[in-house]
Amino acid sequence: MTSSSAESSAKPARRGPKPMLSRAAVLEAALELVDASGLAALNLRALATRLGVSAMTPYSYFADKAELLGAMVGHALAPLGEETAVASDWEEAITGAMRGLHDALARHPGVVELIIAETHTQGLEDSREHLITILRGEGLDRTRAADVLRTLTSYILGYTLMSRLRPSTSHDSFDDGLAMIMESLRREIAAQ
């Protein structure tokens, strides 16, 4: 090894510009902020402070707050499609999707506010349509399938809100409630 190559390898690495954040890192920070302080606390300046970047940096990832909110819902609920993809029947698919929604909201309870505020994402709409299609395949018409899905979703949103207000709520009570709703749905489908 020559002395010049030894010198160049001994030099400390030159510090360049601070690496850019990933879009996922920005979304995670936004979700943490909403989870900790609620939707009202979320603004791009507060997000920038949480990330330790300039106030304008979040604008390089999202055009505006509406785009950020939609991306937050999509990011938090992204695993939902995985729950129905491996299901062997309608009941497993619906139950899996509802447990997946519950688990996602348990990780990011602030997303409940985003859903209630009617923040829509294509991924959430695709998941909803997929579940309606599954229920229609069991003989429910579109209106009834949408009503069933709305009932299940309302149960999970309400349960998440109550769990947030009363942290001592047992996870078993979630499973009990879901089982009751699914039993009613099972009887309805069997009667068709």
# chains A, B, ... in the order shown; residues from 1 in each chain; ligands from 1

call {"tool": "residues_around", "arguments": {"residues": "Ile94 (chain A)", "least_positions_apart": "5", "cutoff": "10 Å", "atoms": "only C-alpha atoms", "output": "PyMOL selection string"}}
result
chain A and resi 83-84+87+89+99-100+130-132+134-135+149+152+182

call {"tool": "closest_atom_pairs", "arguments": {"of": "region 60-136 of chain A", "to": "region 164-169 of chain A", "cutoff": "10 Å", "atoms": "only C-alpha atoms", "output": "Markdown table"}}
result
| residue | atom | partner | partner_atom | distance |
| --- | --- | --- | --- | --- |
| A:Ala106 | CA | A:Arg164 | CA | 8.7 |
| A:Pro109 | CA | A:Arg164 | CA | 7.3 |
| A:Gly110 | CA | A:Arg164 | CA | 9.5 |

call {"tool": "residues_around", "arguments": {"residues": "Leu47 (chain A)", "least_positions_apart": "5", "cutoff": "10 Å", "atoms": "only C-alpha atoms", "output": "PyMOL selection string"}}
result
chain A and resi 26-27+29-34+41-42+52-55+57-58

call {"tool": "write_last_selection", "arguments": {"atoms": "all heavy atoms", "output": "compact mmCIF listing (two decimals), in the first residue's frame"}}
result
# COMPACT_ATOMS: atom_id res chain seq x y z
N VAL A 26 -41.22 10.54 8.11
CA VAL A 26 -42.08 11.71 8.31
C VAL A 26 -43.47 11.25 8.74
O VAL A 26 -44.07 11.81 9.67
CB VAL A 26 -42.14 12.59 7.04
CG1 VAL A 26 -43.13 13.73 7.22
CG2 VAL A 26 -40.75 13.13 6.70
N LEU A 27 -43.98 10.23 8.09
CA LEU A 27 -45.31 9.70 8.45
C LEU A 27 -45.32 9.14 9.87
O LEU A 27 -46.27 9.37 10.63
CB LEU A 27 -45.74 8.63 7.46
CG LEU A 27 -46.10 9.15 6.07
CD1 LEU A 27 -46.28 7.99 5.09
CD2 LEU A 27 -47.34 10.01 6.13
N ALA A 29 -43.42 10.02 12.37
CA ALA A 29 -43.35 11.16 13.30
C ALA A 29 -44.71 11.85 13.40
O ALA A 29 -45.15 12.23 14.49
CB ALA A 29 -42.28 12.15 12.85
N ALA A 30 -45.41 11.99 12.28
CA ALA A 30 -46.74 12.60 12.29
C ALA A 30 -47.72 11.74 13.07
O ALA A 30 -48.53 12.26 13.85
CB ALA A 30 -47.23 12.82 10.85
N LEU A 31 -47.65 10.44 12.88
CA LEU A 31 -48.53 9.52 13.63
C LEU A 31 -48.23 9.58 15.13
O LEU A 31 -49.15 9.60 15.94
CB LEU A 31 -48.38 8.09 13.10
CG LEU A 31 -49.04 7.84 11.75
CD1 LEU A 31 -48.52 6.54 11.13
CD2 LEU A 31 -50.55 7.82 11.87
N GLU A 32 -46.96 9.62 15.49
CA GLU A 32 -46.59 9.73 16.90
C GLU A 32 -47.14 11.01 17.51
O GLU A 32 -47.63 11.01 18.64
CB GLU A 32 -45.07 9.69 17.05
CG GLU A 32 -44.45 8.34 16.77
CD GLU A 32 -42.93 8.38 16.67
OE1 GLU A 32 -42.33 9.45 16.93
OE2 GLU A 32 -42.35 7.34 16.31
N LEU A 33 -47.07 12.09 16.76
CA LEU A 33 -47.58 13.38 17.24
C LEU A 33 -49.09 13.32 17.47
O LEU A 33 -49.59 13.74 18.52
CB LEU A 33 -47.22 14.49 16.23
CG LEU A 33 -47.64 15.91 16.58
CD1 LEU A 33 -46.97 16.37 17.87
CD2 LEU A 33 -47.25 16.85 15.44
N VAL A 34 -49.82 12.77 16.52
CA VAL A 34 -51.28 12.66 16.65
C VAL A 34 -51.64 11.67 17.75
O VAL A 34 -52.57 11.91 18.52
CB VAL A 34 -51.92 12.26 15.30
CG1 VAL A 34 -53.38 11.91 15.46
CG2 VAL A 34 -51.76 13.40 14.30
N ALA A 41 -53.22 18.96 17.38
CA ALA A 41 -51.83 19.35 17.58
C ALA A 41 -50.99 19.23 16.32
O ALA A 41 -49.86 19.72 16.28
CB ALA A 41 -51.21 18.49 18.68
N LEU A 42 -51.52 18.58 15.31
CA LEU A 42 -50.74 18.34 14.10
C LEU A 42 -50.78 19.54 13.16
O LEU A 42 -51.84 19.95 12.68
CB LEU A 42 -51.25 17.11 13.35
CG LEU A 42 -50.50 16.79 12.04
CD1 LEU A 42 -49.05 16.41 12.32
CD2 LEU A 42 -51.20 15.66 11.30
N GLY A 52 -36.91 17.65 14.01
CA GLY A 52 -35.65 18.37 14.14
C GLY A 52 -35.16 18.96 12.83
O GLY A 52 -33.96 19.03 12.58
N VAL A 53 -36.11 19.39 12.00
CA VAL A 53 -35.76 19.97 10.70
C VAL A 53 -36.41 21.35 10.58
O VAL A 53 -37.20 21.76 11.43
CB VAL A 53 -36.23 19.07 9.54
CG1 VAL A 53 -35.50 17.73 9.58
CG2 VAL A 53 -37.73 18.85 9.56
N SER A 54 -36.10 22.05 9.52
CA SER A 54 -36.68 23.38 9.32
C SER A 54 -38.18 23.28 9.07
O SER A 54 -38.68 22.24 8.63
CB SER A 54 -36.01 24.09 8.15
OG SER A 54 -36.46 23.54 6.92
N ALA A 55 -38.88 24.35 9.32
CA ALA A 55 -40.33 24.38 9.19
C ALA A 55 -40.80 24.05 7.77
O ALA A 55 -41.91 23.56 7.58
CB ALA A 55 -40.87 25.74 9.61
N THR A 57 -39.29 21.88 5.64
CA THR A 57 -38.91 20.54 5.20
C THR A 57 -40.10 19.61 4.95
O THR A 57 -40.12 18.93 3.92
CB THR A 57 -37.91 19.91 6.18
OG1 THR A 57 -36.75 20.74 6.24
CG2 THR A 57 -37.52 18.51 5.75
N PRO A 58 -41.11 19.54 5.82
CA PRO A 58 -42.24 18.63 5.53
C PRO A 58 -42.94 18.92 4.20
O PRO A 58 -43.51 18.02 3.60
CB PRO A 58 -43.18 18.85 6.71
CG PRO A 58 -42.28 19.28 7.83
CD PRO A 58 -41.24 20.13 7.15

call {"tool": "closest_residue", "arguments": {"among": "A:Arg45, A:Ser173, A:Ala190, A:Ile115", "to": "Ser154 (chain A)", "atoms": "only C-alpha atoms"}}
result
A:Ile115

call {"tool": "residues_around", "arguments": {"residues": "Thr151 (chain A)", "least_positions_apart": "2", "cutoff": "12 Å", "atoms": "only C-alpha atoms", "output": "number ranges by chain"}}
result
A: 98, 144-149, 153-158, 177-178, 181-182, 184-185

call {"tool": "write_last_selection", "arguments": {"atoms": "all heavy atoms", "output": "CSV table (one decimal), in the first residue's frame"}}
result
chain,number,residue,atom,x,y,z
A,98,MET,N,-60.8,-7.2,10.5
A,98,MET,CA,-61.3,-6.4,11.7
A,98,MET,C,-60.2,-6.5,12.8
A,98,MET,O,-60.0,-5.5,13.4
A,98,MET,CB,-62.6,-6.9,12.2
A,98,MET,CG,-63.8,-6.7,11.2
A,98,MET,SD,-64.0,-5.0,10.6
A,98,MET,CE,-63.4,-5.0,9.0
A,144,ARG,N,-76.5,-4.1,2.1
A,144,ARG,CA,-76.4,-4.8,3.3
A,144,ARG,C,-74.9,-5.1,3.6
A,144,ARG,O,-74.5,-5.0,4.8
A,144,ARG,CB,-77.2,-6.1,3.2
A,144,ARG,CG,-77.2,-6.9,4.5
A,144,ARG,CD,-77.8,-6.2,5.7
A,144,ARG,NE,-77.7,-6.9,6.9
A,144,ARG,CZ,-77.5,-6.4,8.1
A,144,ARG,NH1,-77.5,-5.0,8.2
A,144,ARG,NH2,-77.3,-7.1,9.1
A,145,ALA,N,-74.1,-5.4,2.7
A,145,ALA,CA,-72.7,-5.7,2.9
A,145,ALA,C,-72.0,-4.4,3.4
A,145,ALA,O,-71.2,-4.5,4.4
A,145,ALA,CB,-72.0,-6.1,1.6
A,146,ALA,N,-72.4,-3.2,2.9
A,146,ALA,CA,-71.8,-2.0,3.3
A,146,ALA,C,-72.3,-1.7,4.8
A,146,ALA,O,-71.5,-1.2,5.6
A,146,ALA,CB,-72.2,-0.8,2.4
A,147,ASP,N,-73.5,-2.0,5.1
A,147,ASP,CA,-74.0,-1.8,6.4
A,147,ASP,C,-73.3,-2.7,7.4
A,147,ASP,O,-73.0,-2.2,8.5
A,147,ASP,CB,-75.5,-2.1,6.5
A,147,ASP,CG,-76.4,-1.0,5.8
A,147,ASP,OD1,-75.8,0.1,5.6
A,147,ASP,OD2,-77.6,-1.3,5.6
A,148,VAL,N,-73.1,-3.9,7.1
A,148,VAL,CA,-72.4,-4.9,7.9
A,148,VAL,C,-71.0,-4.4,8.2
A,148,VAL,O,-70.5,-4.3,9.3
A,148,VAL,CB,-72.3,-6.3,7.3
A,148,VAL,CG1,-71.3,-7.2,8.0
A,148,VAL,CG2,-73.7,-6.9,7.4
A,149,LEU,N,-70.3,-3.9,7.1
A,149,LEU,CA,-68.9,-3.4,7.3
A,149,LEU,C,-68.9,-2.2,8.1
A,149,LEU,O,-68.0,-2.0,9.0
A,149,LEU,CB,-68.3,-3.2,5.9
A,149,LEU,CG,-66.8,-2.9,5.9
A,149,LEU,CD1,-66.0,-4.0,6.5
A,149,LEU,CD2,-66.4,-2.7,4.4
A,153,THR,N,-66.8,-1.8,11.6
A,153,THR,CA,-65.9,-0.7,11.7
A,153,THR,C,-66.2,0.3,12.9
A,153,THR,O,-65.4,0.7,13.6
A,153,THR,CB,-65.8,0.1,10.4
A,153,THR,OG1,-65.5,-0.8,9.3
A,153,THR,CG2,-64.8,1.2,10.4
A,154,SER,N,-67.5,0.6,13.0
A,154,SER,CA,-68.0,1.4,14.1
A,154,SER,C,-67.6,0.8,15.5
A,154,SER,O,-67.2,1.5,16.4
A,154,SER,CB,-69.5,1.7,14.0
A,154,SER,OG,-69.7,2.4,12.8
A,155,TYR,N,-67.8,-0.5,15.6
A,155,TYR,CA,-67.5,-1.2,16.8
A,155,TYR,C,-66.0,-1.0,17.1
A,155,TYR,O,-65.6,-0.7,18.2
A,155,TYR,CB,-67.8,-2.7,16.7
A,155,TYR,CG,-67.2,-3.5,17.8
A,155,TYR,CD1,-67.6,-3.3,19.1
A,155,TYR,CD2,-66.2,-4.5,17.5
A,155,TYR,CE1,-67.0,-4.1,20.2
A,155,TYR,CE2,-65.6,-5.2,18.6
A,155,TYR,CZ,-66.1,-5.0,19.9
A,155,TYR,OH,-65.5,-5.7,20.9
A,156,ILE,N,-65.2,-1.2,16.1
A,156,ILE,CA,-63.7,-1.1,16.3
A,156,ILE,C,-63.3,0.3,16.6
A,156,ILE,O,-62.5,0.5,17.6
A,156,ILE,CB,-63.0,-1.7,15.1
A,156,ILE,CG1,-63.3,-3.2,15.1
A,156,ILE,CG2,-61.5,-1.5,15.2
A,156,ILE,CD1,-62.9,-3.9,13.8
A,157,LEU,N,-63.9,1.3,15.9
A,157,LEU,CA,-63.5,2.7,16.2
A,157,LEU,C,-63.9,3.0,17.7
A,157,LEU,O,-63.2,3.6,18.4
A,157,LEU,CB,-64.2,3.6,15.2
A,157,LEU,CG,-63.7,3.5,13.8
A,157,LEU,CD1,-64.5,4.4,12.9
A,157,LEU,CD2,-62.2,3.9,13.7
A,158,GLY,N,-65.2,2.6,18.0
A,158,GLY,CA,-65.7,2.9,19.4
A,158,GLY,C,-64.8,2.2,20.4
A,158,GLY,O,-64.5,2.8,21.5
A,177,GLY,N,-66.7,-9.0,21.9
A,177,GLY,CA,-67.6,-8.2,21.1
A,177,GLY,C,-67.6,-8.6,19.6
A,177,GLY,O,-68.6,-8.7,18.9
A,178,LEU,N,-66.4,-8.8,19.1
A,178,LEU,CA,-66.2,-9.1,17.7
A,178,LEU,C,-66.9,-10.5,17.4
A,178,LEU,O,-67.6,-10.7,16.4
A,178,LEU,CB,-64.8,-9.2,17.3
A,178,LEU,CG,-64.4,-9.5,15.8
A,178,LEU,CD1,-65.1,-8.5,14.8
A,178,LEU,CD2,-62.9,-9.6,15.6
A,181,ILE,N,-70.7,-10.1,17.1
A,181,ILE,CA,-71.1,-9.5,15.8
A,181,ILE,C,-70.9,-10.5,14.7
A,181,ILE,O,-71.8,-10.7,13.9
A,181,ILE,CB,-70.3,-8.2,15.5
A,181,ILE,CG1,-70.6,-7.1,16.5
A,181,ILE,CG2,-70.6,-7.7,14.1
A,181,ILE,CD1,-69.7,-5.9,16.5
A,182,MET,N,-69.8,-11.3,14.7
A,182,MET,CA,-69.6,-12.3,13.7
A,182,MET,C,-70.6,-13.4,13.8
A,182,MET,O,-71.0,-13.9,12.7
A,182,MET,CB,-68.2,-12.8,13.8
A,182,MET,CG,-67.1,-11.8,13.4
A,182,MET,SD,-67.3,-11.1,11.7
A,182,MET,CE,-67.0,-12.5,10.7
A,184,SER,N,-73.7,-13.1,14.7
A,184,SER,CA,-74.9,-12.6,14.1
A,184,SER,C,-74.8,-12.6,12.6
A,184,SER,O,-75.8,-13.0,11.9
A,184,SER,CB,-75.2,-11.2,14.7
A,184,SER,OG,-76.3,-10.6,14.0
A,185,LEU,N,-73.7,-12.2,12.1
A,185,LEU,CA,-73.5,-12.2,10.6
A,185,LEU,C,-73.5,-13.7,10.1
A,185,LEU,O,-74.1,-13.9,9.0
A,185,LEU,CB,-72.2,-11.5,10.3
A,185,LEU,CG,-71.8,-11.5,8.9
A,185,LEU,CD1,-72.8,-10.8,8.0
A,185,LEU,CD2,-70.4,-10.7,8.7

call {"tool": "atom_distance", "arguments": {"atom1": "CA of Gly96 (chain A)", "atom2": "CA of Leu80 (chain A)"}}
result
8.5 Å

call {"tool": "select_by_dssp", "arguments": {"residues": "region 7-189 of chain A", "states": "alpha helix (DSSP H)", "output": "PyMOL selection string"}}
result
chain A and resi 7-10+23-37+44-51+65-76+80-85+90-107+111-116+122-137+142-165+171-189

call {"tool": "residues_around", "arguments": {"residues": "Phe62 (chain A)", "least_positions_apart": "4", "cutoff": "10 Å", "atoms": "only C-alpha atoms", "output": "PyMOL selection string"}}
result
chain A and resi 23+26+44+57-58+66-69+71

call {"tool": "write_last_selection", "arguments": {"atoms": "N, CA, C and O atoms", "output": "mmCIF file, in the first residue's frame"}}
result
data_model
loop_
_atom_site.group_PDB
_atom_site.id
_atom_site.type_symbol
_atom_site.label_atom_id
_atom_site.label_comp_id
_atom_site.auth_asym_id
_atom_site.auth_seq_id
_atom_site.Cartn_x
_atom_site.Cartn_y
_atom_site.Cartn_z
ATOM 1 N N ARG A 23 -39.923 9.393 3.517
ATOM 2 C CA ARG A 23 -41.352 9.711 3.641
ATOM 3 C C ARG A 23 -41.964 8.905 4.795
ATOM 4 O O ARG A 23 -42.766 9.419 5.567
ATOM 5 N N VAL A 26 -41.217 10.539 8.107
ATOM 6 C CA VAL A 26 -42.081 11.710 8.315
ATOM 7 C C VAL A 26 -43.474 11.251 8.738
ATOM 8 O O VAL A 26 -44.075 11.808 9.669
ATOM 9 N N LEU A 44 -47.720 21.363 10.193
ATOM 10 C CA LEU A 44 -46.423 21.059 9.587
ATOM 11 C C LEU A 44 -45.269 21.663 10.382
ATOM 12 O O LEU A 44 -44.174 21.107 10.410
ATOM 13 N N THR A 57 -39.295 21.882 5.639
ATOM 14 C CA THR A 57 -38.910 20.541 5.198
ATOM 15 C C THR A 57 -40.096 19.613 4.946
ATOM 16 O O THR A 57 -40.123 18.931 3.915
ATOM 17 N N PRO A 58 -41.112 19.542 5.819
ATOM 18 C CA PRO A 58 -42.237 18.633 5.530
ATOM 19 C C PRO A 58 -42.936 18.922 4.201
ATOM 20 O O PRO A 58 -43.509 18.016 3.603
ATOM 21 N N ALA A 66 -53.685 18.170 3.938
ATOM 22 C CA ALA A 66 -54.650 17.160 3.486
ATOM 23 C C ALA A 66 -53.929 15.940 2.911
ATOM 24 O O ALA A 66 -54.309 14.801 3.185
ATOM 25 N N GLU A 67 -52.897 16.175 2.115
ATOM 26 C CA GLU A 67 -52.125 15.054 1.557
ATOM 27 C C GLU A 67 -51.430 14.285 2.676
ATOM 28 O O GLU A 67 -51.395 13.051 2.674
ATOM 29 N N LEU A 68 -50.894 14.991 3.652
ATOM 30 C CA LEU A 68 -50.245 14.355 4.797
ATOM 31 C C LEU A 68 -51.238 13.477 5.556
ATOM 32 O O LEU A 68 -50.934 12.323 5.882
ATOM 33 N N LEU A 69 -52.437 13.994 5.826
ATOM 34 C CA LEU A 69 -53.437 13.235 6.577
ATOM 35 C C LEU A 69 -53.825 11.946 5.853
ATOM 36 O O LEU A 69 -53.904 10.880 6.466
ATOM 37 N N ALA A 71 -52.031 10.311 3.690
ATOM 38 C CA ALA A 71 -50.879 9.409 3.702
ATOM 39 C C ALA A 71 -50.704 8.762 5.072
ATOM 40 O O ALA A 71 -50.291 7.602 5.170
#

call {"tool": "atom_distance", "arguments": {"atom1": "CA of Arg107 (chain A)", "atom2": "CA of Met162 (chain A)"}}
result
14.6 Å

call {"tool": "atom_distance", "arguments": {"atom1": "CA of Leu39 (chain A)", "atom2": "CA of Glu113 (chain A)"}}
result
6.6 Å
